[in-house]
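A short worksheet on the structure shown next.
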Amino acid sequence: MEEKYIGHSVERKEGREKVTGRARYVDDLAFPDMVHGVTVRSSVARGRILGIRYGDGIPWNEFTIVTAKDIPGANEIALILHDQPCLASEFINHPEEPVVLLAHPDKYLLEEARRAVRIDVEAMPAVFTIEDSLAKGTIVWGEDNVLKAYHVDKGDVDSAWAAADVIVEGEYRTGAQEQLYIENQGMIAVANPTDGVTVWGSLQCPYYVHKALMPLFGLPAEKIRVIQAETGGGFGGKEEYPSMIAAHAALLAWKSGKRVKIVYDRAEDMVATTKRHPSRTRHRTGVTRDGKLVAMDIDLAIDGGAYATLSAVVLSRATIHSAGPYVCPNVRIRSQAVATNAPPHGAFRGFGAPQSVFAIERHLDQVARAVNLTPEELRRRNFLRKDQTTATGQIIHEDVNFSGLLDRAFKESDYHAKRARFEKENPGATVKRGIGFSSFMHGAGFTGSGEVYLASVVEVEATAEGCVRVLAASTEIGQGANTIFSQIAADALGISYDRIDVAQPDTGAVPNSGPTVASRTSMVVGNLVEKAALNLKNTLVESGLLCDACTEDEFVRACKRYIETRGTLRARAKYEPPPGLHWDDTTYSGDAYGTYAWAVYVAEVAVDTVTYEARVSDFVAVQEIGKVIHPVLAAGQIEGGVAQAIGMSLYENVVWREGRMANGQMTNYIMPTAADIPPIRVFFEEQPYPFGPHGAKGIGELPMDGPAPAILNAIENATGISLREIPATPEVLMEAMAEKAGALV
């Protein structure tokens with residue numbers, strides 16, 4: 001198939017609307033008779049609700065007030081488990097838990113009213129750390145505080161230790177991280193028993209919201225409609241949480257009979273919504289004197305917060321990626337997501353892999369030192385290659401050239417020369433420089449049988465003018481999905497890119513192509529776009545109106561004749577798994593992903609020993625992601641992910657106090673600005689994947705995984721300090737340097 005658009009950086013489909021300001025986000029939308037809504041939340045971490053008081057001085061008769069007793073269906077936010085209430089009715093399980101909803105035309109009076117509501121709570125013992133949750137002294141969820149657990153077993157770890165010459169142990173931690181999308185969470189709803197519920201919102205997964213609203217209102221699927229408004233970023237933060245805010249807006253609309261808009265301000269958005277799961281990972285690794293891995297014993301725990309939300313699937317990806325892209329005959333992984341009395345943690349770009357990749361890549365630098373090898377040489381001796389197996393027993397069928405990626409990354413970063421130069425220059429220098437790297441993989445698409453379970457569908461429809469519309473639930477959230485889909489469809493049909501339009505996701509108009517998550521949009525849904533487009537073309541060919549090799553004008557004429565004589569011209573494609581894949585959810589073994597993207601990242605840092613600031617001064621990202629569909633968008637995905645991961649590594653520290661985020665403002669939650677981001681040099685290697693559109697793999701989450709360990713490996717190279725926790729803030733570096741200085745005295 002000729003590639004006229006794929007592989008080229010065509011103009012973004014929605015770019016002009018965004019840069020001219022014509023794009024309309026949810027807070028730009030207004031309807032007649034619309035009122036504003038707010039949420040009244042708990043201020044304690046855990047307790048029993050004794051009563052709700054409405055203060056004096058507020059004309060409460062003018063307000064719509066909703067509590068749990070006003071919910072027409074089940075008081076739950078349906079996702080994986082249905083453990084999270086829409087509104088707390090008897091017990092509080094985290095600070096910021098929603099209890100009361102208010103609506104009024106005057107949003108300023110509404111804020112006064114929110115402050116006047118008092119929730120009386122009898123406090124109960126709470127749990128705030130992974131360790132306390134695992135200790136089970138206080139049970140805050142289920143019978144044992146464990147939201148989900150996985151076991152992975154390959155070989156015989158217990159017997160393998162005898163064959164190891166050296167055993168290295170280490171513990172590694174990552175903190176929470178706020179998604180900090182530019183546009184805050186927001187939703188507009190209209191609802192009544194006759195017409196059902198319609199919501200417009202800033203969201204990633206329309207059908208997740210659709211699924212959540214049905215049991216809440218006790219309505220059938222056809223009575224629920226979810227429409228994506230223009231969305232200003234998500235990064236996972238608008239995957240599951242929009243179901244909550246949609247539910248709140250719809251309940252207020254149901255009771256008031258008016259359209260209701262809820263848009264969070266930044267402070268509420270930061271303290272109340274989901275964040276990246278904090279993690280604690282323990283590694284015990286057996287290795288021979290010549291650097292061959294013998295056994296890995298990995299104990300991984302993540303903090304899920306008060307309710308299950310997506311912790312099970314975040315833990316799944318963290319588990320599968322925790323052994324890295326290395327050959328080891330004996331691997332044991334025990335992982336748990338545990339409950340605490342913090343607001344639930346949820347989806348964030350990387351989805352568990354950044355936590356476990358950080359641990360394995362920091363740990364392997366320690367293993368290399370223990371056997372007197374360079375970090376590079378240890379990895380070269382253990383890289384996965386074709387026909388070898390991952391920790392889950394998945395056989396790698398593609399030609400993985402990790403050593404080639406490593407060579408390219410070292411060449412582009414001048415790794416060896418810089419490492420030698422820094423070793424000479426650092427003694428006595430105030431600002432010490434270092435360079436480090438990480439090598440990693442990221443599975444594309446849903447884990448295991450997830451894509452089969454989703455059974456995603458995409459449709460395309462042609463007009464009499466020969467234009468084609470792509471109908472999918474995948475959302476454009478800034479990553480360029482509309483552009484990618486248009487490139488794929490245009491090349492499949494052999495028509496111009498300008499003839500392709502991508503429908504705004506609307507559950508009343510587009511089929512369920514699955515959520516916009518898991519690095520699946522281009523690879524999985526894009527492949528369905530290609531197949532649906534080819535099916536549409538084949539319909540014209542089989543009808544005798546078009547030959548297989550046709551011009552654009554012939555395609556336009558064929559569409560016109562078909563629609564005039566036969567009616568609607570539409571085709572669809574449904575997901576079918578690549579042949580030979582097998583996954584066992586019981587043993588957690590087999591083909592975890594259809595394919596992986598592979599990468600080596602190199603970070604150069606400067607550490608000021610006076611101010612204790614670490615800065616990334618140069619960054620090289622080399623990755624193999626199959627076919628690159630849009631070079632500029634692909635590079636942008638890598639650059640943005642690396643920038644976000646630099647924040648995770650050095651700056652973004654969520655401060656918790658009794659389960660509440662204490663620094664939920666842009667003034668005290670420190671994130672990197674443009675001045676803190678180094679040159680990020682991006683390089684792609686292409687090895688087309690047979691089951692992606694024109695060979696494309698997933699890319700969106702990959703760049704979140706590798707920067708943190710590369711940066712901390714570089715800090716260790718610069719200072720000799722082995723940090724095992726992120727973020728590595730100046731306070732952390734100061735304490736570590738003081739401890740090192742004390743040890744040398």
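A note on labels: chains of the structure tokens are A, B, ... as shown, every chain counts residues from 1, and ligands are counted from 1 in their shown order.
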Pick out the residues sitting within 10 Å of A:Val460, and hand them over as number ranges by chain; count only C-alpha atoms, and ignore anything fewer than 5 positions along from it in its own chain. A: 468-472, 489, 500-503, 510, 528-536, 569-573
Residues just named, written with C-alpha atoms as a CSV table (one decimal), in the first residue's frame:
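New file result.csv:
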chain,number,residue,atom,x,y,z
A,468,VAL,CA,-15.0,10.0,4.6
A,469,ARG,CA,-15.7,10.3,8.3
A,470,VAL,CA,-14.0,8.1,10.9
A,471,LEU,CA,-16.3,7.1,13.7
A,472,ALA,CA,-14.4,6.0,16.9
A,489,ALA,CA,-7.6,6.4,6.4
A,500,ILE,CA,-11.0,12.7,5.9
A,501,ASP,CA,-12.9,13.9,8.9
A,502,VAL,CA,-12.8,12.4,12.4
A,503,ALA,CA,-16.1,12.6,14.4
A,510,VAL,CA,-19.8,6.4,17.4
A,528,LEU,CA,-9.1,-0.8,13.0
A,529,VAL,CA,-9.4,2.5,11.1
A,530,GLU,CA,-7.2,1.1,8.4
A,531,LYS,CA,-9.2,-2.1,8.2
A,532,ALA,CA,-12.6,-0.3,8.2
A,533,ALA,CA,-11.3,2.0,5.4
A,534,LEU,CA,-10.2,-0.9,3.3
A,535,ASN,CA,-13.6,-2.6,3.9
A,536,LEU,CA,-15.4,0.5,2.7
A,569,LEU,CA,-22.1,3.8,2.5
A,570,ARG,CA,-20.5,2.6,5.8
A,571,ALA,CA,-18.0,-0.1,6.8
A,572,ARG,CA,-16.7,-1.3,10.1
A,573,ALA,CA,-13.9,-3.3,11.6
Could you list, as a list in words, every residue within 7 Å of A:Ala312, counting only C-alpha atoms and ignoring same-chain residues fewer than 3 positions away?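 Surrounding residues, per the criterion: Lys148, Leu315, Ser316 and Ala337 of chain A.
The smallest atom-to-atom distance between A:Val616 and any of A:Ile320, A:Ile563, A:Ile711, A:Leu293, using only C-alpha atoms, is found for A:Ile711.
Atom to atom, atom CA of A:Pro242 and atom CA of A:Asp303 stand 21.0 Å apart.
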Calculate how many Å separate atom CA of A:Leu712 from atom CA of A:Val287, rounding to one decimal. 22.6 Å
Among stretch 409-518 of chain A, which ones does DSSP assign to alpha helix (DSSP H) (computed from the backbone)? Answer as a short mmCIF file (atom, residue, chain, number, x, y, z; two decimals) with C-alpha atoms, in the first residue's frame.
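Result file states-v2.cif:
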data_model
loop_
_atom_site.label_atom_id
_atom_site.label_comp_id
_atom_site.auth_asym_id
_atom_site.auth_seq_id
_atom_site.Cartn_x
_atom_site.Cartn_y
_atom_site.Cartn_z
CA ALA A 409 22.18 6.42 22.41
CA PHE A 410 25.82 6.46 23.53
CA LYS A 411 26.96 7.87 20.20
CA GLU A 412 24.35 10.64 20.13
CA SER A 413 25.05 11.60 23.77
CA TYR A 415 28.38 9.01 26.65
CA HIS A 416 31.82 7.47 27.07
CA ALA A 417 33.80 10.66 26.45
CA LYS A 418 31.61 12.62 28.88
CA ARG A 419 31.82 9.96 31.54
CA ALA A 420 35.63 10.03 31.34
CA ARG A 421 35.76 13.84 31.32
CA PHE A 422 33.42 14.22 34.29
CA GLU A 423 35.50 11.75 36.29
CA LYS A 424 38.50 14.03 35.83
CA GLU A 425 36.70 17.36 36.35
CA GLY A 450 -7.77 -6.97 27.72
CA GLU A 451 -8.07 -6.10 24.03
CA VAL A 452 -10.11 -9.25 23.35
CA TYR A 453 -12.42 -8.32 26.23
CA LEU A 454 -12.87 -4.78 24.87
CA ALA A 481 -5.26 11.18 17.33
CA ASN A 482 -7.45 12.93 14.75
CA THR A 483 -4.42 13.59 12.58
CA ILE A 484 -3.09 10.04 12.84
CA PHE A 485 -6.48 8.50 12.04
CA SER A 486 -6.83 10.78 9.02
CA GLN A 487 -3.39 9.84 7.70
CA ILE A 488 -4.17 6.14 8.07
CA ALA A 489 -7.60 6.38 6.41
CA ALA A 490 -6.35 8.59 3.56
CA ASP A 491 -3.56 6.20 2.64
CA ALA A 492 -5.83 3.15 2.93
CA LEU A 493 -8.37 4.70 0.55
#
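Closest approach to A:Ala736 among A:Glu716, A:Asp132, A:Glu554, A:Asp158: A:Glu716, based on only C-alpha atoms.
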Skipping near chain neighbours, those fewer than 2 positions away, what residues fall within 10 Å of A:His104 using only C-alpha atoms, listed as a VMD selection string? chain A and resid 34 to 38 60 62 to 65 102 106 to 111 113 252 256 260
Please, could you write that set of residues out with C-alpha atoms as a PDB file, in the first residue's frame?
ATOM      1  CA  MET A  34     -27.890  26.639  32.881  1.00  0.00           C
ATOM      2  CA  VAL A  35     -26.836  26.729  36.535  1.00  0.00           C
ATOM      3  CA  HIS A  36     -23.536  26.003  38.264  1.00  0.00           C
ATOM      4  CA  GLY A  37     -22.759  23.104  40.564  1.00  0.00           C
ATOM      5  CA  VAL A  38     -20.230  22.446  43.320  1.00  0.00           C
ATOM      6  CA  TRP A  60     -31.139  27.635  50.898  1.00  0.00           C
ATOM      7  CA  GLU A  62     -32.977  28.904  46.108  1.00  0.00           C
ATOM      8  CA  PHE A  63     -30.491  25.991  45.907  1.00  0.00           C
ATOM      9  CA  THR A  64     -30.709  22.515  44.514  1.00  0.00           C
ATOM     10  CA  ILE A  65     -29.255  20.224  47.189  1.00  0.00           C
ATOM     11  CA  LEU A 102     -25.198  22.181  45.455  1.00  0.00           C
ATOM     12  CA  ASP A 106     -24.927  32.537  40.891  1.00  0.00           C
ATOM     13  CA  LYS A 107     -21.570  30.773  41.166  1.00  0.00           C
ATOM     14  CA  TYR A 108     -20.272  33.319  43.684  1.00  0.00           C
ATOM     15  CA  LEU A 109     -23.180  32.749  46.062  1.00  0.00           C
ATOM     16  CA  LEU A 110     -22.665  29.066  45.423  1.00  0.00           C
ATOM     17  CA  GLU A 111     -19.158  29.261  46.869  1.00  0.00           C
ATOM     18  CA  ALA A 113     -23.030  28.256  50.373  1.00  0.00           C
ATOM     19  CA  LEU A 252     -27.932  18.022  40.125  1.00  0.00           C
ATOM     20  CA  SER A 256     -33.154  20.692  39.381  1.00  0.00           C
ATOM     21  CA  VAL A 260     -25.769  22.017  35.307  1.00  0.00           C
TER      22      VAL A 260
END
Interface rows for stretch 74-151 of chain A against stretch 208-222 of chain A: nearest pair, Å to one decimal, 12 Å, only C-alpha atoms, as a tab-separated table:
residue	atom	partner	partner_atom	distance
A:Ala74	CA	A:Leu216	CA	4.8
A:Asn75	CA	A:Leu216	CA	6.1
A:Glu76	CA	A:Leu216	CA	6.5
A:Ile77	CA	A:Ala212	CA	5.5
A:Ala78	CA	A:Ala212	CA	4.6
A:Leu79	CA	A:Ala212	CA	6.7
A:Ile80	CA	A:Tyr208	CA	10.2
A:Leu81	CA	A:Ala212	CA	11.2
A:His82	CA	A:Ala212	CA	9.5
A:Gln84	CA	A:Ala212	CA	11.1
A:Pro85	CA	A:Leu216	CA	9.8
A:Cys86	CA	A:Leu216	CA	8.2
A:Leu87	CA	A:Leu216	CA	10.9
Counting only C-alpha atoms, which residue out of A:Ala743, A:Ala455, A:Leu251, A:Leu203 sits closest to A:Tyr25?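 Under the stated criterion, the closest residue is A:Leu203.
Each of A:Leu581, A:Ala714, A:Ile680, A:Ile646 was checked against A:Gly448 using only C-alpha atoms; the smallest atom-to-atom distance is that of A:Leu581.
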Would you mind listing what lies within 12 Å of A:Ala272 as a PyMOL selection string, with only C-alpha atoms counted and same-chain residues fewer than 6 positions away left out? chain A and resi 39-43+94-98+178+184-185+237+241+244-245+264-266+305+342-346+659-662+664
Name the closest residue to A:Tyr326 among the candidates A:Thr521, A:Asn192, A:Gln388, A:Asn61; distances are taken between atoms, counting only C-alpha atoms.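 So, comparing all the options, the nearest one is A:Gln388.
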